[in-house]
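Report on one structure; see the data block that follows.
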Amino acid sequence: MKPAVDVVITGMGVVSPIGIGSESYWNAMLEGRSGVRALDFYDGSDLAPPLGGEVGDFDPNQFVPRKQKKVMSRDIQLGFAAAELACRQAGVQPGTVDPERLGVIYGADMIAAELPELQEAFRSCTTEGRFDFSLWGQRVKDNLFPLWMLKYLPNMPACHIAIAQDARGPNNSITLSEASSLAAVIEATQAIRRGQADLMIAGGASSRLHPCVWLRCTSYQLSSRTNDPAGACRPFDADRDGLVFGEGAAAFMLENRRHAEARGAKPLARIAGAASTHEARRPGTPVEGEAIRRAIRAALSAADLQPSDIGHVNAHGVGTTFDDRLEARAIRDTLGDVPVTAPKSYFGDLCAATGAVEMVASVLAFEKGLVPPTLNYRRPDPECPVRVVAGGPIPLGRPAAMVLNHARTGQAVAVVLTAP
């Protein structure tokens, strides 16, 4: 059944390894330009990721007020910039809408501290080559500025964005790994449909290019193609060998359609339906992709659509042997022989930001009339029975997209977008 309140996207902003802003992002996809490269900012260390999707041309001074920058980690700066771009496109600035009817919901990771900031504190606790834990409590207070912790709390992207945009409505932060930003879009949509807000800024931000993050993620299947960074992330390809980490952010201005029409805003896409599900990952019992199947079916039902109505799938497509096989079978079982594109092939796994950054591709597909191709897809895998868009874009076809993400913790999310 069609919901009583229609929610549309009236603005979006993206800060990604393949471009800052929608046009740069889209052009990179059409030109087949990867944002994954060899990383050198921790030269000489075996703790840093050897390759990744870095936002190399990001200048926070273009977006972040100078006084605020010192209490913003890179994750927060990326997210702040994406939200500012979304607000600009939507024509929403402080004073232009009722601040109590504007809210923010953002996906975020547990943010790793920047190592140079901790350097002196660690050194001051070292005696004769050994770290003395008993000194840490006092020395860390002596060597870190009082607001240090504010740089690294996962709720801070939403807080900083709300302060800058004078958004006094619903405010929340979601940390569900790769499911985070699509879950934020779902919750923001529901806030509008519940009548709690007229507009919501929703999205996610993350930077996974950090030694501490890298150490925690050694249990992942990581690509070993260090001699070919651009070709390392290969979703659904028979020669895929693991994921690649990256960084980025994306944000959307979600709006009650009636409110958007009243202020003359142009919708870019419509949130037709969405769903969030879970499948427990128990030791010794591999998951079967049932959460992905249930999310797809529930999102279709919420959108009042049939599988044949979906023109393309914007897949999670992380590039690991197991996850891609699981997702491909779930897509085939529920949606049939639908075209599938996997944006992670361009920039890697952006964790909490990944769903929002990927969803930008489907919103642009409606505007451009094309489904962007998957990069690095060269040899089909019989274990991944999906029709991957590769080699170049294809005409849009049916103007409805299924955007998927799932996390290792068991969450699966699906959002159905339709043309405005």
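Starting from 1 in every chain, residues are counted up; chains themselves are A, B, ... following the order of the structure tokens, and ligands are numbered from 1 as listed.
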
Determine, counting only C-alpha atoms, which protein, DNA and RNA residues have an atom within 7 Å of an atom of Ala82 in chain A; residues of the same chain fewer than 2 positions away are not included. Present the result as a PyMOL selection string.
chain A and resi 13-15+78-80+84-86+249-251

Within 7 Å of range 278-294 of chain A, counting only C-alpha atoms, which residues qualify if same-chain residues fewer than 4 places away don't, as an mmCIF file with N, CA, C and O atoms, in the first residue's frame?
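That gives us part-v2.cif:
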data_model
loop_
_atom_site.group_PDB
_atom_site.id
_atom_site.type_symbol
_atom_site.label_atom_id
_atom_site.label_comp_id
_atom_site.auth_asym_id
_atom_site.auth_seq_id
_atom_site.Cartn_x
_atom_site.Cartn_y
_atom_site.Cartn_z
ATOM 1 N N ALA A 298 10.495 -7.411 1.472
ATOM 2 C CA ALA A 298 9.782 -6.444 2.315
ATOM 3 C C ALA A 298 9.820 -5.044 1.709
ATOM 4 O O ALA A 298 8.837 -4.299 1.775
ATOM 5 N N LEU A 326 26.704 -15.058 -1.883
ATOM 6 C CA LEU A 326 25.485 -15.017 -1.076
ATOM 7 C C LEU A 326 24.503 -13.984 -1.635
ATOM 8 O O LEU A 326 23.309 -14.263 -1.811
ATOM 9 N N GLU A 327 25.008 -12.782 -1.913
ATOM 10 C CA GLU A 327 24.142 -11.704 -2.387
ATOM 11 C C GLU A 327 23.618 -11.996 -3.788
ATOM 12 O O GLU A 327 22.429 -11.754 -4.078
ATOM 13 N N ALA A 330 20.770 -14.358 -3.671
ATOM 14 C CA ALA A 330 19.578 -13.723 -3.099
ATOM 15 C C ALA A 330 18.902 -12.821 -4.128
ATOM 16 O O ALA A 330 17.660 -12.798 -4.234
ATOM 17 N N THR A 334 15.065 -13.563 -5.853
ATOM 18 C CA THR A 334 13.956 -12.652 -5.566
ATOM 19 C C THR A 334 13.595 -11.727 -6.727
ATOM 20 O O THR A 334 12.436 -11.340 -6.870
ATOM 21 N N THR A 409 27.753 -8.290 10.655
ATOM 22 C CA THR A 409 27.031 -8.526 11.904
ATOM 23 C C THR A 409 25.624 -9.065 11.673
ATOM 24 O O THR A 409 24.910 -9.354 12.626
ATOM 25 N N GLY A 410 25.203 -9.186 10.412
ATOM 26 C CA GLY A 410 23.936 -9.833 10.094
ATOM 27 C C GLY A 410 22.853 -8.931 9.555
ATOM 28 O O GLY A 410 21.840 -9.416 9.043
ATOM 29 N N GLN A 411 23.020 -7.602 9.663
ATOM 30 C CA GLN A 411 21.979 -6.700 9.165
ATOM 31 C C GLN A 411 21.972 -6.671 7.634
ATOM 32 O O GLN A 411 23.019 -6.735 6.992
ATOM 33 N N ALA A 412 20.776 -6.570 7.079
ATOM 34 C CA ALA A 412 20.602 -6.358 5.637
ATOM 35 C C ALA A 412 19.593 -5.246 5.461
ATOM 36 O O ALA A 412 18.584 -5.194 6.165
#

For the structure I just gave you, how does DSSP split range 187-412 of chain A - specifically, which residues are strand (DSSP E or B)? Reply as a PyMOL selection string.
chain A and resi 199-207+222+237+243+245-256+269-278+282+285+312-314+339-341+349+370-371+374+380+387-388+390+394-395+400-406+411-412

Write out as a compact mmCIF listing (two decimals) with N, CA and C atoms, in the first residue's frame the residues lying within 12 Å of Arg88 in chain A, counting only C-alpha atoms and excluding same-chain residues fewer than 3 positions away.
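Produced file part_26.txt, reproduced below:
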# COMPACT_ATOMS: atom_id res chain seq x y z
N THR A 10 15.48 15.85 -2.48
CA THR A 10 15.56 17.16 -3.16
C THR A 10 16.98 17.71 -3.22
N GLY A 11 17.92 17.00 -2.63
CA GLY A 11 19.32 17.43 -2.71
C GLY A 11 20.22 16.29 -2.30
N MET A 12 21.43 16.26 -2.82
CA MET A 12 22.40 15.25 -2.39
C MET A 12 23.81 15.79 -2.56
N GLY A 13 24.68 15.28 -1.72
CA GLY A 13 26.09 15.65 -1.78
C GLY A 13 26.95 14.43 -1.60
N GLY A 21 31.27 15.97 -5.32
CA GLY A 21 30.15 16.49 -6.09
C GLY A 21 29.66 15.47 -7.09
N PHE A 63 34.64 23.81 3.31
CA PHE A 63 33.34 23.47 3.87
C PHE A 63 33.24 23.73 5.38
N ALA A 81 30.93 17.98 4.95
CA ALA A 81 31.00 18.52 3.59
C ALA A 81 29.88 17.94 2.72
N ALA A 82 29.64 16.64 2.84
CA ALA A 82 28.58 16.03 2.04
C ALA A 82 27.22 16.62 2.38
N ALA A 83 26.96 16.85 3.67
CA ALA A 83 25.69 17.44 4.08
C ALA A 83 25.54 18.87 3.56
N GLU A 84 26.63 19.63 3.58
CA GLU A 84 26.59 21.00 3.06
C GLU A 84 26.25 21.01 1.57
N LEU A 85 26.83 20.08 0.82
CA LEU A 85 26.54 19.99 -0.61
C LEU A 85 25.08 19.62 -0.85
N GLY A 91 18.54 23.82 -1.78
CA GLY A 91 18.15 25.19 -1.50
C GLY A 91 17.71 25.39 -0.07
N VAL A 92 18.31 24.63 0.84
CA VAL A 92 17.97 24.72 2.25
C VAL A 92 19.18 25.26 3.01
N GLN A 93 19.04 26.44 3.56
CA GLN A 93 20.06 27.05 4.40
C GLN A 93 19.37 27.57 5.66
N PRO A 94 20.11 27.79 6.74
CA PRO A 94 19.48 28.30 7.96
C PRO A 94 18.63 29.53 7.68
N THR A 96 15.75 29.38 5.95
CA THR A 96 14.87 29.17 4.79
C THR A 96 13.75 28.19 5.07
N GLN A 165 23.42 23.64 10.25
CA GLN A 165 22.22 23.86 9.45
C GLN A 165 21.03 24.31 10.28
N ILE A 201 18.07 15.48 6.86
CA ILE A 201 19.37 15.24 6.23
C ILE A 201 19.82 13.85 6.66
N ALA A 251 25.28 12.47 1.52
CA ALA A 251 24.10 12.91 2.27
C ALA A 251 22.98 13.24 1.30
N PHE A 252 21.76 13.08 1.79
CA PHE A 252 20.56 13.38 1.01
C PHE A 252 19.64 14.29 1.81
N MET A 253 19.01 15.21 1.14
CA MET A 253 17.93 15.96 1.74
C MET A 253 16.63 15.22 1.41
N ALA A 265 10.86 23.18 -4.72
CA ALA A 265 12.06 22.34 -4.85
C ALA A 265 11.82 21.22 -5.87

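The space between CA of Ala179 in chain A and CA of Asp323 in chain A spans 14.0 Å.
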
Surrounding residues of Leu144 in chain A excluding itself and chain neighbours under 3 positions, 8 Å, only C-alpha atoms, as an MDAnalysis selection string
chainID A and resid 117:118 121 140:141 148

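If only C-alpha atoms are the atoms counted, then among A:Ser124, A:Asn227, A:Ser206, A:Asn155 the closest residue to Glu178 in chain A is A:Ser206.
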
Which residues, written as a PyMOL selection string, have at least one atom at most 10 Å from Met359 in chain A, with only C-alpha atoms counted and residues fewer than 2 positions away on the same chain left out?
chain A and resi 181-182+203+250-252+314-315+343+354-357+361-365+401-404+415+417

Which of these, A:Gly231, A:Gly95, A:Pro267, A:Gly195, has the shortest distance to Gly32 in chain A once you count only C-alpha atoms?
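The closest residue to Gly32 in chain A is A:Gly231.
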
Please report the interatomic distance between CA of Arg258 in chain A and CA of Asp6 in chain A in Å with one decimal.
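Separating CA of Arg258 in chain A from CA of Asp6 in chain A is a distance of 7.9 Å.
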
Could you give me the residues within range 182-327 of chain A that DSSP places in alpha helix (DSSP H), as a compact mmCIF listing (two decimals) with all heavy atoms, in the first residue's frame?
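In the end it all went to result.txt:
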# COMPACT_ATOMS: atom_id res chain seq x y z
N LEU A 182 22.33 3.44 4.84
CA LEU A 182 21.00 3.12 4.32
C LEU A 182 20.00 3.01 5.46
O LEU A 182 18.83 3.41 5.31
CB LEU A 182 21.02 1.82 3.51
CG LEU A 182 21.57 1.89 2.09
CD1 LEU A 182 21.21 0.62 1.33
CD2 LEU A 182 21.09 3.11 1.32
N ALA A 183 20.43 2.49 6.60
CA ALA A 183 19.55 2.46 7.77
C ALA A 183 19.19 3.87 8.21
O ALA A 183 18.06 4.13 8.65
CB ALA A 183 20.21 1.69 8.92
N ALA A 184 20.14 4.81 8.08
CA ALA A 184 19.86 6.20 8.41
C ALA A 184 18.83 6.79 7.45
O ALA A 184 17.94 7.54 7.86
CB ALA A 184 21.15 7.03 8.36
N VAL A 185 18.93 6.45 6.16
CA VAL A 185 17.94 6.90 5.18
C VAL A 185 16.55 6.36 5.53
O VAL A 185 15.55 7.08 5.47
CB VAL A 185 18.36 6.47 3.75
CG1 VAL A 185 17.22 6.68 2.76
CG2 VAL A 185 19.59 7.24 3.30
N ILE A 186 16.50 5.09 5.93
CA ILE A 186 15.22 4.48 6.29
C ILE A 186 14.61 5.18 7.49
O ILE A 186 13.42 5.53 7.50
CB ILE A 186 15.41 2.97 6.56
CG1 ILE A 186 15.80 2.24 5.27
CG2 ILE A 186 14.14 2.37 7.15
CD1 ILE A 186 16.16 0.78 5.47
N GLU A 187 15.41 5.38 8.54
CA GLU A 187 14.89 6.01 9.75
C GLU A 187 14.47 7.46 9.49
O GLU A 187 13.46 7.94 10.02
CB GLU A 187 15.92 5.94 10.87
CG GLU A 187 15.50 6.62 12.17
CD GLU A 187 14.17 6.12 12.72
OE1 GLU A 187 13.83 4.93 12.51
OE2 GLU A 187 13.45 6.92 13.36
N ALA A 188 15.23 8.17 8.67
CA ALA A 188 14.87 9.55 8.34
C ALA A 188 13.56 9.60 7.56
O ALA A 188 12.72 10.49 7.78
CB ALA A 188 16.00 10.21 7.54
N THR A 189 13.40 8.65 6.65
CA THR A 189 12.14 8.57 5.90
C THR A 189 10.96 8.35 6.83
O THR A 189 9.90 8.98 6.71
CB THR A 189 12.22 7.44 4.87
OG1 THR A 189 13.29 7.70 3.95
CG2 THR A 189 10.92 7.30 4.08
N GLN A 190 11.16 7.45 7.80
CA GLN A 190 10.08 7.17 8.75
C GLN A 190 9.77 8.38 9.63
O GLN A 190 8.62 8.61 10.00
CB GLN A 190 10.45 5.96 9.61
CG GLN A 190 10.50 4.64 8.85
CD GLN A 190 9.18 4.33 8.15
OE1 GLN A 190 8.11 4.55 8.71
NE2 GLN A 190 9.27 3.81 6.94
N ALA A 191 10.78 9.15 9.98
CA ALA A 191 10.55 10.36 10.79
C ALA A 191 9.64 11.33 10.05
O ALA A 191 8.75 11.96 10.66
CB ALA A 191 11.88 11.02 11.12
N ILE A 192 9.83 11.45 8.74
CA ILE A 192 8.96 12.32 7.95
C ILE A 192 7.56 11.73 7.86
O ILE A 192 6.56 12.44 8.02
CB ILE A 192 9.56 12.55 6.55
CG1 ILE A 192 10.88 13.33 6.66
CG2 ILE A 192 8.58 13.30 5.65
CD1 ILE A 192 11.64 13.46 5.34
N ARG A 193 7.48 10.44 7.62
CA ARG A 193 6.16 9.80 7.50
C ARG A 193 5.40 9.79 8.81
O ARG A 193 4.16 9.79 8.82
CB ARG A 193 6.33 8.38 6.95
CG ARG A 193 6.71 8.37 5.48
CD ARG A 193 6.91 6.98 4.93
NE ARG A 193 7.19 7.06 3.49
CZ ARG A 193 7.74 6.08 2.78
NH1 ARG A 193 8.06 4.93 3.37
NH2 ARG A 193 7.95 6.23 1.49
N PRO A 211 45.68 2.83 10.47
CA PRO A 211 46.29 1.61 11.00
C PRO A 211 45.46 0.89 12.07
O PRO A 211 45.40 -0.34 12.08
CB PRO A 211 47.62 2.11 11.58
CG PRO A 211 47.93 3.32 10.80
CD PRO A 211 46.61 3.96 10.49
N CYS A 212 44.82 1.64 12.96
CA CYS A 212 44.03 0.99 14.02
C CYS A 212 42.83 0.27 13.44
O CYS A 212 42.48 -0.85 13.86
CB CYS A 212 43.58 2.03 15.04
SG CYS A 212 44.93 2.72 16.01
N VAL A 213 42.19 0.88 12.46
CA VAL A 213 41.07 0.22 11.79
C VAL A 213 41.57 -1.02 11.05
O VAL A 213 40.96 -2.08 11.09
CB VAL A 213 40.38 1.19 10.81
CG1 VAL A 213 39.30 0.48 10.01
CG2 VAL A 213 39.79 2.38 11.57
N TRP A 214 42.70 -0.85 10.40
CA TRP A 214 43.27 -1.95 9.62
C TRP A 214 43.57 -3.16 10.50
O TRP A 214 43.28 -4.30 10.13
CB TRP A 214 44.54 -1.44 8.95
CG TRP A 214 45.14 -2.34 7.92
CD1 TRP A 214 46.28 -3.05 8.04
CD2 TRP A 214 44.63 -2.61 6.62
NE1 TRP A 214 46.52 -3.75 6.88
CE2 TRP A 214 45.53 -3.51 6.00
CE3 TRP A 214 43.50 -2.20 5.92
CZ2 TRP A 214 45.33 -3.98 4.70
CZ3 TRP A 214 43.31 -2.67 4.63
CH2 TRP A 214 44.21 -3.55 4.03
N LEU A 215 44.12 -2.92 11.68
CA LEU A 215 44.43 -4.03 12.58
C LEU A 215 43.18 -4.76 13.03
O LEU A 215 43.17 -5.98 13.17
CB LEU A 215 45.19 -3.50 13.81
CG LEU A 215 46.65 -3.13 13.59
CD1 LEU A 215 47.21 -2.43 14.81
CD2 LEU A 215 47.47 -4.37 13.27
N ARG A 216 42.10 -3.99 13.27
CA ARG A 216 40.85 -4.62 13.71
C ARG A 216 40.20 -5.43 12.60
O ARG A 216 39.36 -6.29 12.86
CB ARG A 216 39.85 -3.55 14.19
CG ARG A 216 40.23 -2.87 15.48
CD ARG A 216 39.00 -2.27 16.14
NE ARG A 216 38.23 -1.41 15.25
CZ ARG A 216 38.40 -0.10 15.15
NH1 ARG A 216 39.34 0.51 15.88
NH2 ARG A 216 37.66 0.63 14.34
N ARG A 257 6.94 15.39 0.08
CA ARG A 257 6.73 15.92 -1.27
C ARG A 257 5.89 17.21 -1.25
O ARG A 257 6.18 18.16 -1.98
CB ARG A 257 6.05 14.88 -2.16
CG ARG A 257 5.88 15.37 -3.60
CD ARG A 257 5.05 14.41 -4.44
NE ARG A 257 5.80 13.22 -4.80
CZ ARG A 257 6.59 13.13 -5.89
NH1 ARG A 257 6.75 14.18 -6.68
NH2 ARG A 257 7.21 12.00 -6.18
N ARG A 258 4.86 17.25 -0.43
CA ARG A 258 4.02 18.45 -0.38
C ARG A 258 4.83 19.66 0.07
O ARG A 258 4.65 20.77 -0.45
CB ARG A 258 2.83 18.22 0.55
CG ARG A 258 1.81 17.22 0.02
CD ARG A 258 0.63 17.08 0.96
NE ARG A 258 -0.34 16.12 0.46
CZ ARG A 258 -1.45 15.76 1.10
NH1 ARG A 258 -1.71 16.31 2.29
NH2 ARG A 258 -2.28 14.90 0.58
N HIS A 259 5.72 19.45 1.03
CA HIS A 259 6.56 20.55 1.51
C HIS A 259 7.51 21.00 0.40
O HIS A 259 7.73 22.20 0.20
CB HIS A 259 7.35 20.09 2.74
CG HIS A 259 8.12 21.18 3.43
ND1 HIS A 259 9.39 21.54 3.02
CD2 HIS A 259 7.80 21.99 4.47
CE1 HIS A 259 9.82 22.52 3.80
NE2 HIS A 259 8.87 22.81 4.68
N ALA A 260 8.06 20.03 -0.34
CA ALA A 260 8.98 20.35 -1.43
C ALA A 260 8.26 21.15 -2.52
O ALA A 260 8.79 22.14 -3.05
CB ALA A 260 9.57 19.07 -2.01
N GLU A 261 7.05 20.72 -2.86
CA GLU A 261 6.29 21.42 -3.89
C GLU A 261 5.94 22.84 -3.46
O GLU A 261 5.98 23.78 -4.26
CB GLU A 261 5.02 20.63 -4.22
CG GLU A 261 5.29 19.32 -4.95
CD GLU A 261 4.05 18.46 -5.11
OE1 GLU A 261 3.02 18.79 -4.46
OE2 GLU A 261 4.11 17.48 -5.87
N ALA A 262 5.63 23.00 -2.17
CA ALA A 262 5.24 24.31 -1.66
C ALA A 262 6.38 25.32 -1.75
O ALA A 262 6.14 26.53 -1.94
CB ALA A 262 4.75 24.19 -0.22
N GLU A 290 19.48 -15.19 3.84
CA GLU A 290 18.04 -15.06 4.03
C GLU A 290 17.65 -13.65 4.41
O GLU A 290 16.58 -13.16 4.03
CB GLU A 290 17.57 -16.05 5.09
CG GLU A 290 16.06 -16.19 5.18
CD GLU A 290 15.40 -16.52 3.85
OE1 GLU A 290 15.99 -17.27 3.05
OE2 GLU A 290 14.30 -15.99 3.60
N ALA A 291 18.51 -12.94 5.17
CA ALA A 291 18.20 -11.56 5.53
C ALA A 291 18.13 -10.68 4.29
O ALA A 291 17.28 -9.78 4.20
CB ALA A 291 19.24 -11.02 6.50
N ILE A 292 19.01 -10.91 3.32
CA ILE A 292 18.98 -10.14 2.08
C ILE A 292 17.69 -10.40 1.32
O ILE A 292 17.03 -9.48 0.84
CB ILE A 292 20.20 -10.47 1.20
CG1 ILE A 292 21.51 -10.25 1.97
CG2 ILE A 292 20.19 -9.63 -0.07
CD1 ILE A 292 22.75 -10.74 1.25
N ARG A 293 17.30 -11.66 1.23
CA ARG A 293 16.05 -12.01 0.54
C ARG A 293 14.85 -11.34 1.22
O ARG A 293 13.98 -10.79 0.56
CB ARG A 293 15.86 -13.52 0.53
CG ARG A 293 16.85 -14.28 -0.34
CD ARG A 293 16.56 -15.78 -0.30
NE ARG A 293 17.47 -16.52 -1.15
CZ ARG A 293 18.69 -16.94 -0.78
NH1 ARG A 293 19.13 -16.65 0.46
NH2 ARG A 293 19.46 -17.59 -1.61
N ARG A 294 14.80 -11.42 2.54
CA ARG A 294 13.67 -10.84 3.25
C ARG A 294 13.64 -9.32 3.11
O ARG A 294 12.57 -8.72 3.00
CB ARG A 294 13.72 -11.24 4.73
CG ARG A 294 13.27 -12.67 4.97
CD ARG A 294 13.09 -12.99 6.45
NE ARG A 294 14.37 -13.19 7.13
CZ ARG A 294 14.89 -12.38 8.01
NH1 ARG A 294 14.26 -11.25 8.36
NH2 ARG A 294 16.05 -12.66 8.59
N ALA A 295 14.81 -8.69 3.12
CA ALA A 295 14.87 -7.24 2.94
C ALA A 295 14.35 -6.84 1.56
O ALA A 295 13.59 -5.87 1.43
CB ALA A 295 16.30 -6.73 3.15
N ILE A 296 14.75 -7.57 0.54
CA ILE A 296 14.29 -7.27 -0.83
C ILE A 296 12.77 -7.42 -0.92
O ILE A 296 12.07 -6.53 -1.42
CB ILE A 296 14.99 -8.19 -1.85
CG1 ILE A 296 16.48 -7.85 -1.94
CG2 ILE A 296 14.32 -8.09 -3.22
CD1 ILE A 296 17.29 -8.83 -2.77
N ARG A 297 12.26 -8.53 -0.42
CA ARG A 297 10.81 -8.77 -0.51
C ARG A 297 10.02 -7.74 0.29
O ARG A 297 8.99 -7.23 -0.17
CB ARG A 297 10.49 -10.18 -0.03
CG ARG A 297 11.04 -11.29 -0.94
CD ARG A 297 10.64 -12.65 -0.45
NE ARG A 297 11.16 -13.72 -1.31
CZ ARG A 297 11.97 -14.70 -0.91
NH1 ARG A 297 12.33 -14.76 0.39
NH2 ARG A 297 12.40 -15.61 -1.74
N ALA A 298 10.49 -7.41 1.47
CA ALA A 298 9.78 -6.44 2.32
C ALA A 298 9.82 -5.04 1.71
O ALA A 298 8.84 -4.30 1.78
CB ALA A 298 10.39 -6.43 3.72
N ALA A 299 10.96 -4.67 1.11
CA ALA A 299 11.05 -3.37 0.47
C ALA A 299 10.13 -3.28 -0.74
O ALA A 299 9.49 -2.25 -0.98
CB ALA A 299 12.50 -3.08 0.06
N LEU A 300 10.06 -4.35 -1.52
CA LEU A 300 9.12 -4.39 -2.64
C LEU A 300 7.69 -4.23 -2.17
O LEU A 300 6.90 -3.48 -2.75
CB LEU A 300 9.26 -5.72 -3.40
CG LEU A 300 10.44 -5.87 -4.35
CD1 LEU A 300 10.49 -7.29 -4.89
CD2 LEU A 300 10.36 -4.88 -5.51
N SER A 301 7.34 -4.94 -1.10
CA SER A 301 6.00 -4.86 -0.56
C SER A 301 5.68 -3.44 -0.08
O SER A 301 4.60 -2.90 -0.34
CB SER A 301 5.84 -5.85 0.59
OG SER A 301 4.56 -5.75 1.18
N ALA A 302 6.65 -2.81 0.61
CA ALA A 302 6.44 -1.45 1.10
C ALA A 302 6.26 -0.47 -0.05
O ALA A 302 5.55 0.53 0.09
CB ALA A 302 7.62 -1.03 1.98
N ALA A 303 6.93 -0.75 -1.17
CA ALA A 303 6.83 0.13 -2.34
C ALA A 303 5.64 -0.21 -3.22
O ALA A 303 5.36 0.52 -4.19
CB ALA A 303 8.11 0.03 -3.17
N THR A 321 34.79 -13.50 -1.75
CA THR A 321 34.30 -14.73 -2.36
C THR A 321 32.94 -15.13 -1.81
O THR A 321 32.01 -15.42 -2.56
CB THR A 321 35.32 -15.87 -2.11
OG1 THR A 321 36.60 -15.45 -2.55
CG2 THR A 321 34.90 -17.12 -2.87
N PHE A 322 32.80 -15.11 -0.49
CA PHE A 322 31.58 -15.59 0.15
C PHE A 322 30.43 -14.61 0.02
O PHE A 322 29.32 -14.97 -0.38
CB PHE A 322 31.87 -15.88 1.63
CG PHE A 322 30.68 -16.35 2.41
CD1 PHE A 322 30.20 -17.63 2.25
CD2 PHE A 322 30.04 -15.49 3.30
CE1 PHE A 322 29.08 -18.06 2.97
CE2 PHE A 322 28.94 -15.91 4.02
CZ PHE A 322 28.46 -17.21 3.86
N ASP A 323 30.66 -13.34 0.36
CA ASP A 323 29.57 -12.37 0.39
C ASP A 323 28.94 -12.14 -0.98
O ASP A 323 27.72 -12.01 -1.09
CB ASP A 323 30.06 -11.05 0.97
CG ASP A 323 30.33 -11.12 2.46
OD1 ASP A 323 29.37 -11.20 3.23
OD2 ASP A 323 31.52 -11.13 2.85
N ASP A 324 29.76 -12.05 -2.01
CA ASP A 324 29.22 -11.83 -3.34
C ASP A 324 28.36 -13.00 -3.80
O ASP A 324 27.31 -12.82 -4.43
CB ASP A 324 30.35 -11.60 -4.35
CG ASP A 324 30.95 -10.20 -4.25
OD1 ASP A 324 30.59 -9.47 -3.31
OD2 ASP A 324 31.77 -9.86 -5.11
N ARG A 325 28.81 -14.20 -3.50
CA ARG A 325 28.03 -15.39 -3.87
C ARG A 325 26.68 -15.40 -3.17
O ARG A 325 25.64 -15.66 -3.77
CB ARG A 325 28.83 -16.65 -3.53
CG ARG A 325 28.14 -17.94 -3.95
CD ARG A 325 29.10 -19.12 -3.84
NE ARG A 325 29.52 -19.37 -2.48
CZ ARG A 325 30.77 -19.33 -2.05
NH1 ARG A 325 31.75 -19.02 -2.89
NH2 ARG A 325 31.07 -19.61 -0.80
N LEU A 326 26.70 -15.06 -1.88
CA LEU A 326 25.49 -15.02 -1.08
C LEU A 326 24.50 -13.98 -1.63
O LEU A 326 23.31 -14.26 -1.81
CB LEU A 326 25.87 -14.64 0.35
CG LEU A 326 25.03 -15.15 1.51
CD1 LEU A 326 25.17 -16.65 1.64
CD2 LEU A 326 25.50 -14.48 2.80
N GLU A 327 25.01 -12.78 -1.91
CA GLU A 327 24.14 -11.70 -2.39
C GLU A 327 23.62 -12.00 -3.79
O GLU A 327 22.43 -11.75 -4.08
CB GLU A 327 24.91 -10.38 -2.38
CG GLU A 327 24.05 -9.20 -2.80
CD GLU A 327 24.82 -7.89 -2.91
OE1 GLU A 327 26.07 -7.94 -3.00
OE2 GLU A 327 24.17 -6.84 -2.90

Counting only C-alpha atoms, what is within 10 Å of Thr126 in chain A, bar same-chain residues fewer than 5 positions away, as a ChimeraX atom specification?
/A:121,131-133,135-136

Hey, can you check how far CA of Ser345 in chain A sits from CA of Cys233 in chain A?
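Here the two named atoms are 5.0 Å from each other.
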
Which residues are near Tyr106 in chain A? Cut-off 8 Å, only C-alpha atoms, ignore same chain within fewer than 2 positions. Put them as JSON, numbers by chain.
{"A": [104, 108, 157, 158, 172, 173, 174, 180, 181, 184, 201, 202, 203, 204, 205]}
